[in-house]
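Asker: This is structure-v6.txt, which holds compact mmCIF, C-alpha atoms and all ligand atoms:
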```txt
# COMPACT_ATOMS: atom_id res chain seq x y z
CA ILE A 1 -18.57 -19.83 134.31
CA ALA A 2 -18.12 -19.53 130.55
CA PRO A 3 -21.52 -18.35 129.29
CA ALA A 4 -22.73 -18.90 125.73
CA MET A 5 -26.05 -17.55 124.51
CA ASN A 6 -27.84 -15.41 121.96
CA GLN A 7 -26.82 -11.71 122.00
CA ALA A 8 -30.30 -10.46 122.98
CA MET A 9 -30.45 -12.91 125.86
CA TRP A 10 -26.98 -11.82 127.04
CA ARG A 11 -27.89 -8.13 126.78
CA HIS A 12 -31.19 -8.59 128.65
CA PRO A 13 -31.18 -6.58 131.91
CA ALA A 14 -32.20 -9.68 133.91
CA THR A 15 -29.19 -11.62 132.59
CA GLN A 16 -26.90 -8.67 133.29
CA ARG A 17 -28.30 -8.34 136.84
CA ASN A 18 -27.68 -12.03 137.47
CA VAL A 19 -24.19 -11.89 135.96
CA SER A 20 -23.35 -8.93 138.14
CA GLN A 21 -24.70 -10.76 141.21
CA LEU A 22 -22.60 -13.83 140.40
CA ALA A 23 -19.48 -11.67 139.98
CA ASN A 24 -20.20 -9.91 143.29
CA ASP A 25 -20.55 -13.33 144.93
CA GLY A 26 -17.04 -14.16 143.74
CA TRP A 27 -17.79 -16.26 140.67
CA GLN A 28 -15.50 -15.59 137.76
CA LEU A 29 -16.89 -15.28 134.27
CA ILE A 30 -14.86 -16.18 131.22
CA GLY A 31 -16.29 -14.26 128.29
CA PRO A 32 -18.58 -14.25 126.52
CA ALA A 33 -16.86 -13.13 123.33
CA ALA A 34 -18.63 -11.16 120.60
CA GLY A 35 -19.12 -11.97 116.92
CA ASP A 36 -21.18 -14.21 114.61
CA GLN A 37 -23.71 -16.43 116.36
CA ALA A 38 -25.18 -19.80 115.32
CA CYS A 39 -28.63 -18.22 114.78
CA GLY A 40 -27.23 -15.60 112.39
CA ASP A 41 -27.17 -12.71 114.91
CA VAL A 42 -23.98 -10.79 115.55
CA GLY A 43 -23.03 -9.55 119.02
CA PRO A 44 -21.88 -10.56 122.49
CA GLY A 45 -22.70 -14.08 123.74
CA ARG A 46 -20.30 -16.38 121.89
CA MET A 47 -18.54 -18.87 124.15
CA SER A 48 -14.93 -17.81 124.64
CA GLU A 49 -12.47 -19.82 122.57
CA PRO A 50 -11.27 -22.95 124.41
CA GLU A 51 -7.69 -21.53 124.37
CA VAL A 52 -8.95 -18.40 126.14
CA ILE A 53 -10.75 -20.52 128.76
CA VAL A 54 -7.66 -22.63 129.38
CA ASP A 55 -5.53 -19.49 129.58
CA CYS A 56 -7.88 -17.93 132.16
CA LEU A 57 -7.87 -21.09 134.27
CA ALA A 58 -4.07 -21.28 134.14
CA GLN A 59 -3.87 -17.61 135.11
CA HIS A 60 -6.31 -18.12 137.97
CA PHE A 61 -4.39 -21.01 139.49
CA ALA A 62 -1.05 -19.28 138.95
CA SER A 63 -2.29 -16.19 140.82
CA ALA A 64 -3.81 -18.34 143.57
CA ALA A 65 -0.32 -19.68 144.33
CA ILE A 66 1.82 -17.65 146.70
CA LEU A 67 4.27 -15.81 144.50
CA PRO A 68 7.81 -15.20 145.68
CA ALA A 69 8.72 -11.50 145.79
CA PRO A 70 10.52 -10.64 142.54
CA ALA A 71 14.30 -10.30 142.82
CA SER A 72 14.04 -6.82 141.40
CA ALA A 73 10.97 -4.71 140.82
CA PRO A 74 10.61 -1.51 138.86
CA HIS A 75 9.45 1.88 140.08
CA VAL A 76 5.84 1.94 138.90
CA VAL A 77 3.97 5.20 138.28
CA ILE A 78 0.19 4.95 137.91
CA THR A 79 -2.42 7.61 137.15
CA ALA A 80 -5.94 7.02 138.48
CA GLY A 81 -9.33 8.63 138.88
CA PRO A 82 -10.90 11.52 137.00
CA THR A 83 -9.57 15.02 136.42
CA ARG A 84 -11.62 18.13 137.13
CA GLU A 85 -11.52 21.13 134.84
CA ALA A 86 -12.95 24.27 136.43
CA LEU A 87 -15.56 26.31 134.56
CA ASP A 88 -15.93 28.84 137.37
CA PRO A 89 -15.27 28.76 141.14
CA VAL A 90 -18.18 26.33 141.75
CA ARG A 91 -18.51 24.21 138.57
CA TYR A 92 -16.26 21.84 136.68
CA LEU A 93 -16.09 19.31 133.82
CA SER A 94 -15.32 15.75 134.92
CA ASN A 95 -16.38 12.11 134.47
CA HIS A 96 -17.54 9.07 136.45
CA SER A 97 -14.15 7.49 137.21
CA SER A 98 -14.06 6.31 140.83
CA GLY A 99 -10.34 5.47 140.84
CA LYS A 100 -11.06 1.82 141.80
CA MET A 101 -9.23 0.30 138.80
CA GLY A 102 -6.12 2.49 139.19
CA TYR A 103 -5.99 2.00 142.96
CA ALA A 104 -6.29 -1.78 142.53
CA LEU A 105 -3.32 -1.65 140.11
CA ALA A 106 -1.30 0.38 142.62
CA ALA A 107 -2.12 -2.03 145.47
CA GLU A 108 -1.17 -5.03 143.32
CA ALA A 109 2.11 -3.51 142.10
CA ALA A 110 3.07 -2.68 145.70
CA ALA A 111 2.11 -6.20 146.80
CA GLN A 112 4.47 -7.53 144.13
CA GLY A 113 7.35 -5.59 145.69
CA ALA A 114 7.45 -2.53 143.41
CA GLN A 115 7.98 1.05 144.55
CA VAL A 116 4.69 2.63 143.51
CA THR A 117 3.70 6.27 143.01
CA LEU A 118 0.02 6.91 142.40
CA ILE A 119 -0.93 10.20 140.76
CA SER A 120 -4.57 10.52 141.71
CA GLY A 121 -7.42 12.72 140.61
CA PRO A 122 -10.13 13.51 143.18
CA VAL A 123 -11.55 10.20 144.51
CA ASN A 124 -12.92 8.83 147.78
CA LEU A 125 -10.53 5.92 148.30
CA PRO A 126 -7.88 5.19 150.93
CA THR A 127 -4.27 5.10 149.74
CA PRO A 128 -3.22 1.46 149.24
CA HIS A 129 -0.66 0.12 151.71
CA GLY A 130 2.94 0.91 150.73
CA VAL A 131 1.96 3.32 147.94
CA GLU A 132 3.07 6.95 147.66
CA ARG A 133 0.15 9.12 146.54
CA ILE A 134 0.23 12.51 144.84
CA ASP A 135 -3.14 14.27 144.61
CA VAL A 136 -3.94 16.41 141.60
CA GLU A 137 -7.10 17.96 140.24
CA THR A 138 -6.59 19.02 136.63
CA ALA A 139 -5.16 17.28 133.58
CA ALA A 140 -2.41 19.91 133.44
CA GLN A 141 -1.38 19.10 137.03
CA MET A 142 -1.49 15.34 136.29
CA HIS A 143 0.61 15.97 133.17
CA HIS A 144 3.20 17.88 135.20
CA GLU A 145 3.51 15.14 137.88
CA ALA A 146 3.57 12.33 135.29
CA LEU A 147 6.28 13.94 133.17
CA THR A 148 8.33 14.66 136.30
CA LEU A 149 8.17 11.06 137.59
CA ALA A 150 8.04 8.95 134.41
CA PRO A 151 11.73 9.40 133.41
CA HIS A 152 12.67 7.67 136.70
CA ALA A 153 10.16 4.82 136.38
CA GLY A 154 10.39 1.42 134.75
CA LEU A 155 6.65 1.06 134.22
CA PHE A 156 4.05 3.79 133.64
CA ILE A 157 0.34 2.92 133.66
CA GLY A 158 -2.20 5.54 132.57
CA CYS A 159 -5.50 4.42 134.07
CA ALA A 160 -6.87 7.91 134.77
CA ALA A 161 -9.87 9.18 132.86
CA VAL A 162 -8.27 12.44 131.83
CA ALA A 163 -10.50 15.22 130.52
CA ASP A 164 -9.59 15.75 126.88
CA TYR A 165 -10.68 19.40 127.06
CA ARG A 166 -10.78 22.23 129.60
CA ALA A 167 -12.36 25.67 129.56
CA ALA A 168 -10.30 28.13 127.50
CA SER A 169 -10.43 30.32 130.60
CA ALA A 170 -12.20 29.50 133.85
CA ALA A 171 -14.46 32.36 134.90
CA GLU A 172 -13.20 34.25 137.95
CA HIS A 173 -16.73 34.53 139.37
CA LYS A 174 -19.72 32.20 139.23
CA ILE A 175 -21.25 32.24 135.73
CA LYS A 176 -24.69 33.86 136.04
CA LYS A 177 -27.84 32.55 134.42
CA THR A 178 -29.24 35.22 132.10
CA ASP A 179 -32.78 35.77 130.85
CA ASP A 180 -31.51 36.85 127.39
CA SER A 181 -30.72 33.40 126.09
CA ASP A 182 -31.66 29.73 126.65
CA THR A 183 -28.19 28.56 125.70
CA LEU A 184 -24.70 29.04 127.07
CA THR A 185 -21.66 28.53 124.86
CA LEU A 186 -18.42 27.34 126.43
CA THR A 187 -15.11 27.49 124.59
CA LEU A 188 -12.94 24.47 125.36
CA VAL A 189 -9.30 23.89 124.51
CA LYS A 190 -7.45 20.57 124.28
CA ASN A 191 -5.60 19.26 127.32
CA PRO A 192 -2.13 17.76 126.87
CA ASP A 193 -2.13 14.01 126.15
CA ILE A 194 -0.27 12.73 129.21
CA ILE A 195 0.42 9.18 128.09
CA ALA A 196 1.43 10.19 124.56
CA ASP A 197 3.96 12.63 126.07
CA VAL A 198 5.32 9.92 128.40
CA SER A 199 5.64 7.56 125.41
CA ALA A 200 7.53 10.23 123.48
CA LEU A 201 10.25 10.59 126.16
CA PRO A 202 13.81 9.94 124.91
CA THR A 203 14.76 6.23 124.99
CA ASP A 204 17.01 6.52 128.06
CA GLN A 205 14.15 8.15 130.04
CA ARG A 206 11.24 6.21 128.65
CA PRO A 207 9.47 3.64 130.89
CA PHE A 208 7.42 0.73 129.54
CA VAL A 209 4.10 2.45 128.83
CA VAL A 210 0.69 0.86 129.44
CA GLY A 211 -2.45 2.80 128.56
CA PHE A 212 -6.14 2.14 129.01
CA ALA A 213 -8.84 2.58 126.40
CA ALA A 214 -12.39 3.28 127.49
CA GLU A 215 -14.56 2.26 124.54
CA THR A 216 -18.24 1.67 123.85
CA GLN A 217 -17.96 -0.07 120.46
CA ASP A 218 -15.40 -1.75 118.18
CA ILE A 219 -13.19 -2.24 121.26
CA ALA A 220 -10.28 -4.04 119.59
CA ARG A 221 -10.08 -1.70 116.58
CA TYR A 222 -10.20 1.56 118.59
CA ALA A 223 -7.79 0.19 121.19
CA GLU A 224 -5.27 -0.87 118.56
CA ASP A 225 -5.55 2.58 117.01
CA LYS A 226 -4.76 4.18 120.42
CA LEU A 227 -1.89 1.74 120.98
CA THR A 228 -0.31 2.95 117.73
CA ARG A 229 -1.31 6.62 117.77
CA LYS A 230 -0.10 7.20 121.35
CA GLY A 231 3.04 5.07 120.85
CA LEU A 232 2.20 2.70 123.74
CA ASP A 233 3.71 -0.71 124.51
CA MET A 234 0.49 -2.23 125.82
CA ILE A 235 -3.13 -1.15 126.16
CA VAL A 236 -5.96 -2.39 128.36
CA ALA A 237 -9.25 -1.87 126.55
CA ASN A 238 -12.48 -1.92 128.51
CA ASP A 239 -16.06 -1.72 127.28
CA VAL A 240 -17.49 1.08 129.44
CA SER A 241 -21.02 0.61 128.05
CA GLN A 242 -21.50 -2.74 129.85
CA GLN A 243 -23.65 -2.56 132.98
CA GLY A 244 -21.83 -3.56 136.14
CA LEU A 245 -18.37 -3.10 134.59
CA GLY A 246 -16.01 -0.18 133.94
CA PHE A 247 -16.70 3.21 135.53
CA GLY A 248 -17.51 3.10 139.24
CA SER A 249 -18.15 -0.63 139.60
CA ASP A 250 -16.12 -3.22 141.51
CA ASN A 251 -15.79 -5.44 138.43
CA ASN A 252 -14.27 -5.04 135.02
CA ALA A 253 -13.44 -7.01 131.89
CA ALA A 254 -10.72 -6.13 129.40
CA LEU A 255 -8.92 -6.92 126.21
CA LEU A 256 -5.14 -6.63 126.58
CA LEU A 257 -3.24 -5.69 123.41
CA TRP A 258 0.51 -5.41 123.17
CA ARG A 259 3.20 -5.08 120.55
CA SER A 260 5.42 -8.03 119.73
CA ALA A 261 8.06 -8.68 117.09
CA THR A 262 5.40 -10.44 115.01
CA GLY A 263 2.70 -7.76 115.33
CA THR A 264 -0.01 -6.88 117.83
CA LYS A 265 -1.04 -9.67 120.19
CA GLN A 266 -4.14 -9.80 122.34
CA ARG A 267 -5.59 -11.57 125.34
CA GLU A 268 -9.11 -11.48 126.72
CA ALA A 269 -9.73 -11.01 130.45
CA PRO A 270 -13.33 -11.93 131.37
CA PRO A 271 -15.51 -10.02 133.88
CA GLN A 272 -13.96 -10.27 137.33
CA PRO A 273 -13.29 -8.12 140.41
CA LYS A 274 -11.02 -5.15 139.60
CA THR A 275 -8.56 -6.39 142.24
CA GLN A 276 -8.18 -9.65 140.31
CA LEU A 277 -7.97 -7.97 136.91
CA ALA A 278 -5.30 -5.66 138.34
CA ALA A 279 -3.20 -8.70 139.30
CA LEU A 280 -3.50 -10.06 135.76
CA ILE A 281 -2.56 -6.68 134.19
CA ILE A 282 0.44 -6.08 136.46
CA ARG A 283 1.74 -9.61 135.96
CA HIS A 284 1.30 -9.34 132.20
CA ALA A 285 3.01 -5.93 131.99
CA LEU A 286 5.92 -7.13 134.17
CA SER A 287 6.34 -10.18 131.94
CA LEU A 288 6.79 -7.88 128.92
CA LEU A 289 9.14 -5.42 130.64
CA PRO A 290 12.65 -5.32 129.18
CA SER A 291 15.18 -6.42 131.81
CA GLN A 292 16.91 -3.01 131.95
CA LEU A 293 13.63 -1.47 133.18
CA LEU A 294 13.00 -4.14 135.82
CA SER A 295 15.34 -2.75 138.43
CA GLN A 296 14.80 0.60 140.10
CA ARG A 297 16.09 3.63 138.23
CA PRO A 298 17.72 6.28 140.40
CA SER A 299 14.82 8.24 141.80
CA GLN A 300 14.76 11.68 143.37
CA PRO A 301 11.95 13.36 145.24
CA PRO A 302 9.79 15.29 142.76
CA SER A 303 10.83 18.64 144.26
CA GLN A 304 14.46 18.04 143.16
CA LEU A 305 13.56 17.12 139.62
CA PRO A 306 13.53 19.61 136.77
CA SER A 307 10.00 20.57 135.74
CA GLN A 308 8.99 19.17 132.36
CA SER A 309 5.56 20.76 132.24
CA SER A 310 4.43 21.89 128.83
CA GLY A 311 3.71 25.25 130.39
CA GLU A 312 0.00 24.61 130.14
CA LEU A 313 -0.64 24.77 133.90
CA SER A 314 -3.47 27.18 134.36
O1 LIG A 401 -11.91 4.61 137.91
P1 LIG A 401 -12.92 3.48 137.75
O2 LIG A 401 -14.30 3.88 138.17
O3 LIG A 401 -12.44 2.22 138.44
O4 LIG A 401 -13.06 3.15 136.19
C1 LIG A 401 -11.96 2.62 135.50
C2 LIG A 401 -11.84 3.26 134.11
C3 LIG A 401 -13.05 2.90 133.26
C4 LIG A 401 -11.72 4.79 134.22
C5 LIG A 401 -10.50 2.68 133.51
O5 LIG A 401 -10.59 1.29 133.40
C6 LIG A 401 -10.20 3.30 132.14
O6 LIG A 401 -10.71 2.89 131.10
N1 LIG A 401 -9.34 4.35 132.13
C7 LIG A 401 -9.02 5.14 130.93
C8 LIG A 401 -10.12 6.14 130.68
C9 LIG A 401 -9.84 7.01 129.47
O7 LIG A 401 -9.71 8.21 129.60
O8 LIG A 401 -9.70 6.36 128.32
P2 LIG A 401 -9.40 7.07 126.89
O9 LIG A 401 -9.68 5.99 125.92
O10 LIG A 401 -10.16 8.35 126.77
O11 LIG A 401 -7.86 7.41 126.96
C10 LIG A 401 -6.85 6.54 126.44
C11 LIG A 401 -5.59 6.64 127.27
O12 LIG A 401 -5.03 7.95 127.15
C12 LIG A 401 -5.75 6.37 128.76
O13 LIG A 401 -4.62 5.65 129.20
C13 LIG A 401 -5.79 7.77 129.37
O14 LIG A 401 -5.31 7.78 130.72
C14 LIG A 401 -4.84 8.52 128.44
N2 LIG A 401 -5.08 9.97 128.30
C15 LIG A 401 -6.24 10.44 127.77
C16 LIG A 401 -6.40 11.81 127.56
C17 LIG A 401 -5.36 12.68 127.95
N3 LIG A 401 -5.48 13.99 127.79
N4 LIG A 401 -4.23 12.19 128.48
C18 LIG A 401 -4.07 10.86 128.66
O15 LIG A 401 -3.02 10.41 129.15
```
Once more with this new file: its structure as structure tokens, please.
Answerer:
Amino acid sequence: IAPAMNQAMWRHPATQRNVSQLANDGWQLIGPAAGDQACGDVGPGRMSEPEVIVDCLAQHFASAAILPAPASAPHVVITAGPTREALDPVRYLSNHSSGKMGYALAAEAAAQGAQVTLISGPVNLPTPHGVERIDVETAAQMHHEALTLAPHAGLFIGCAAVADYRAASAAEHKIKKTDDSDTLTLTLVKNPDIIADVSALPTDQRPFVVGFAAETQDIARYAEDKLTRKGLDMIVANDVSQQGLGFGSDNNAALLLWRSATGTKQREAPPQPKTQLAALIIRHALSLLPSQLLSQRPSQPPSQLPSQSSGELS
């Protein structure tokens, strides 16, 4: 289904409910795109460009075919889920990531024959078949595991919703409510940027790096900024303000941006089940991977690898 309608009609909760129902029933939506509309409004609801529709159809039928296992597959490291930053022994800062998108990527990469390590924040999901899972809680722990494994990987995908800040110091005992004041001031400090640090690894240790961008407006512009600022090779931008998509849901839509010799290129992936979007993302990333990263790099168990933590583990 390639919908085309006025932006207010598209945004209407009844339309969104129906769209979500269709997606849950297995229908695939192509678009809509956003921009100028025939009536003079600006917003989501434009029919996707015919090239995008054709591309989606081609992708759909290609993925429906049984793919031969690739002759060589890279070691893929994926981060997924939220991080939790303790405020005291009973409270923490976190977000709504369920891990579904990252776990779908891990399952798909494993299905395509890759050796997959999933660095997971706290989620309620079973480990996908054939995937090695490392559980972490904080951004600092995720940073440590990522920087330990990434130099031995061909492809690194940062899908986790990492807390940008943590408490300057977590209280040793439960913070008490006081009668003196109606406010409580917390001092937060920046967490390390995991994916930027992976991207900055020396060339002979650097995997192909794919990030995600969770945006609520100006998706393409903010995503391109993150692609450049964090030094990534590809970024998957998703609009996390759309009902029924993004955080916690079974469906997602995305805009893929990647660097090419002629500048940044992009491709739209319409709303669809996260499992299906994961297949599209993995296939796209693998198609961009330089051949020297396609085969497995020598890997060692994490315990034998030198620690590359920034020393920020609290
Ligand atoms: O888990 P689900 O419920 O299935 O939801 C999926 C999702 C919405 C969480 C996922 O699709 C998604 O958008 N993940 C990225 C969320 C995010 O933190 O986006 P960001 O725009 O704040 O970060 C940009 C990139 O930097 C991401 O690759 C992120 O992993 C990385 N990052 C961010 C901060 C940090 N300190 N270190 C990082 O590596």
Asker: Could you list, as a CSV table (one decimal) with C-alpha atoms, keeping the file's coordinate frame, every residue within 8 Å of stretch 6-23 of chain A, counting all atoms listed in the file and ignoring same-chain residues fewer than 4 positions away?
Answerer:
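Saved file selection30.csv follows:
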```csv
chain,number,residue,atom,x,y,z
A,27,TRP,CA,-17.8,-16.3,140.7
A,28,GLN,CA,-15.5,-15.6,137.8
A,29,LEU,CA,-16.9,-15.3,134.3
A,37,GLN,CA,-23.7,-16.4,116.4
A,39,CYS,CA,-28.6,-18.2,114.8
A,41,ASP,CA,-27.2,-12.7,114.9
A,42,VAL,CA,-24.0,-10.8,115.6
A,43,GLY,CA,-23.0,-9.6,119.0
A,44,PRO,CA,-21.9,-10.6,122.5
A,45,GLY,CA,-22.7,-14.1,123.7
A,46,ARG,CA,-20.3,-16.4,121.9
A,243,GLN,CA,-23.6,-2.6,133.0
A,244,GLY,CA,-21.8,-3.6,136.1
A,251,ASN,CA,-15.8,-5.4,138.4
A,271,PRO,CA,-15.5,-10.0,133.9
A,272,GLN,CA,-14.0,-10.3,137.3
A,273,PRO,CA,-13.3,-8.1,140.4
```
Asker: Pick the closest to ligand LIG 401 (chain A) from A:Asp164, A:Asp180, A:Glu51, A:Asp36: which is it, counting all atoms listed in the file?
Answerer: A:Asp164
Asker: Work out how far apart atom CA of A:Lys274 and atom N4 of ligand LIG 401 (chain A) are and give it in Å to one decimal.
Answerer: 21.7 Å
Asker: Counting all atoms listed in the file, name the residues that have an atom within 7 Å of an atom of ligand LIG 401 (chain A); the answer should be given as a ChimeraX atom specification.
Answerer: /A:80-81,96-102,139,158-164,191-196,211-215,226,237-238,240,246-249
Asker: Just the number, please: distance in Å from atom CA of A:Leu286 to atom CA of A:Ala220, one decimal.
Answerer: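 For atom CA of A:Leu286 relative to atom CA of A:Ala220, the distance reads 22.0 Å.
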Asker: Atom CA of A:Leu155 and atom CA of A:Glu268 are how many Å apart?
Answerer: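 Spanning atom CA of A:Leu155 to atom CA of A:Glu268 is a straight-line distance of 21.5 Å.
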Asker: If we count all atoms listed in the file, what is near A:Ala150 at a cut-off of 9 Å, once residues fewer than 5 positions away on the same chain are taken out, given as a ChimeraX atom specification?
Answerer: /A:76-77,145,155-156,198,201,205-207
Asker: Looking at all atoms listed in the file, which of A:Leu280, A:Ile175, A:Ala58, A:Leu93 is the one that sits closest to A:Thr138?
Answerer: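 Residue with the minimum atom-to-atom distance to A:Thr138: A:Leu93.
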Asker: Could you build a table of the residues in stretch 208-284 of chain A lying no more than 7 Å from stretch 103-114 of chain A, giving for each the nearest pair of atoms and their separation in Å rounded to one decimal place, using all atoms listed in the file, ordered by chain and ascending residue number, as a tab-separated table?
Answerer:
```
residue	atom	partner	partner_atom	distance
A:Lys274	CA	A:Ala104	CA	6.5
A:Thr275	CA	A:Ala104	CA	5.1
A:Ala278	CA	A:Leu105	CA	4.8
A:Ala279	CA	A:Glu108	CA	5.8
A:Ile282	CA	A:Ala109	CA	6.4
```
Asker: Between A:Arg267, A:Arg259, A:His144, A:His284, which is the closest to A:Thr79 once you count all atoms listed in the file?
Answerer: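 Using all atoms listed in the file, A:Thr79 sits closest to A:His144.
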Asker: Would you write out, as a Markdown table, a table of all residues in stretch 182-300 of chain A that have an atom no more than 12 Å from an atom of stretch 166-169 of chain A, listing for each the closest atom pair and the distance in Å to one decimal, considering all atoms listed in the file and ordering rows by chain and rising residue number?
Answerer:
```
| residue | atom | partner | partner_atom | distance |
| --- | --- | --- | --- | --- |
| A:Thr185 | CA | A:Ala167 | CA | 10.8 |
| A:Leu186 | CA | A:Ala167 | CA | 7.0 |
| A:Thr187 | CA | A:Ala168 | CA | 5.7 |
| A:Leu188 | CA | A:Ala167 | CA | 4.4 |
| A:Val189 | CA | A:Ala168 | CA | 5.3 |
| A:Lys190 | CA | A:Arg166 | CA | 6.5 |
| A:Asn191 | CA | A:Arg166 | CA | 6.4 |
| A:Pro192 | CA | A:Arg166 | CA | 10.1 |
```
Asker: Output C-alpha atoms for every residue in the selection just made, as a PDB file, in the frame of the given file.
Answerer:
```pdb
ATOM      1  CA  THR A 185     -21.660  28.530 124.860  1.00  0.00           C
ATOM      2  CA  LEU A 186     -18.420  27.340 126.430  1.00  0.00           C
ATOM      3  CA  THR A 187     -15.110  27.490 124.590  1.00  0.00           C
ATOM      4  CA  LEU A 188     -12.940  24.470 125.360  1.00  0.00           C
ATOM      5  CA  VAL A 189      -9.300  23.890 124.510  1.00  0.00           C
ATOM      6  CA  LYS A 190      -7.450  20.570 124.280  1.00  0.00           C
ATOM      7  CA  ASN A 191      -5.600  19.260 127.320  1.00  0.00           C
ATOM      8  CA  PRO A 192      -2.130  17.760 126.870  1.00  0.00           C
TER       9      PRO A 192
END
```
Asker: Would you kindly return, as a PyMOL selection string, each protein, DNA or RNA residue with an atom no farther than 6 Å from any atom of A:Gly154, considering all atoms listed in the file and excluding same-chain residues fewer than 3 positions away?
Answerer: chain A and resi 74-75+207+293
Asker: Using only C-alpha atoms, can you tell me which of A:Pro50, A:Trp258, A:Pro202, A:His173 comes closest to A:Asp225?
Answerer: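 Of all the options, A:Trp258 lies closest to A:Asp225.
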Asker: Find the residue from A:Glu172, A:Glu85, A:Asp179, A:Asp250 that sits nearest to A:Gln141; use only C-alpha atoms when measuring.
Answerer: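 Distance minimum relative to A:Gln141 lands on A:Glu85.
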Asker: Find the residue from A:Pro290, A:Pro126, A:Gly121, A:Pro270 that sits nearest to A:Ala2; use all atoms listed in the file when measuring.
Answerer: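 Once distances to A:Ala2 are computed over all atoms listed in the file, the minimum belongs to A:Pro270.
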Asker: Skip A:Met234 itself and residues of its chain fewer than 3 positions away, then list as an NGL selection string all residues within 10 Å of it, counting all atoms listed in the file.
Answerer: :A and (157 or 208-212 or 223-224 or 226-228 or 231 or 237 or 256-260 or 264-266 or 281 or 284-285 or 288)
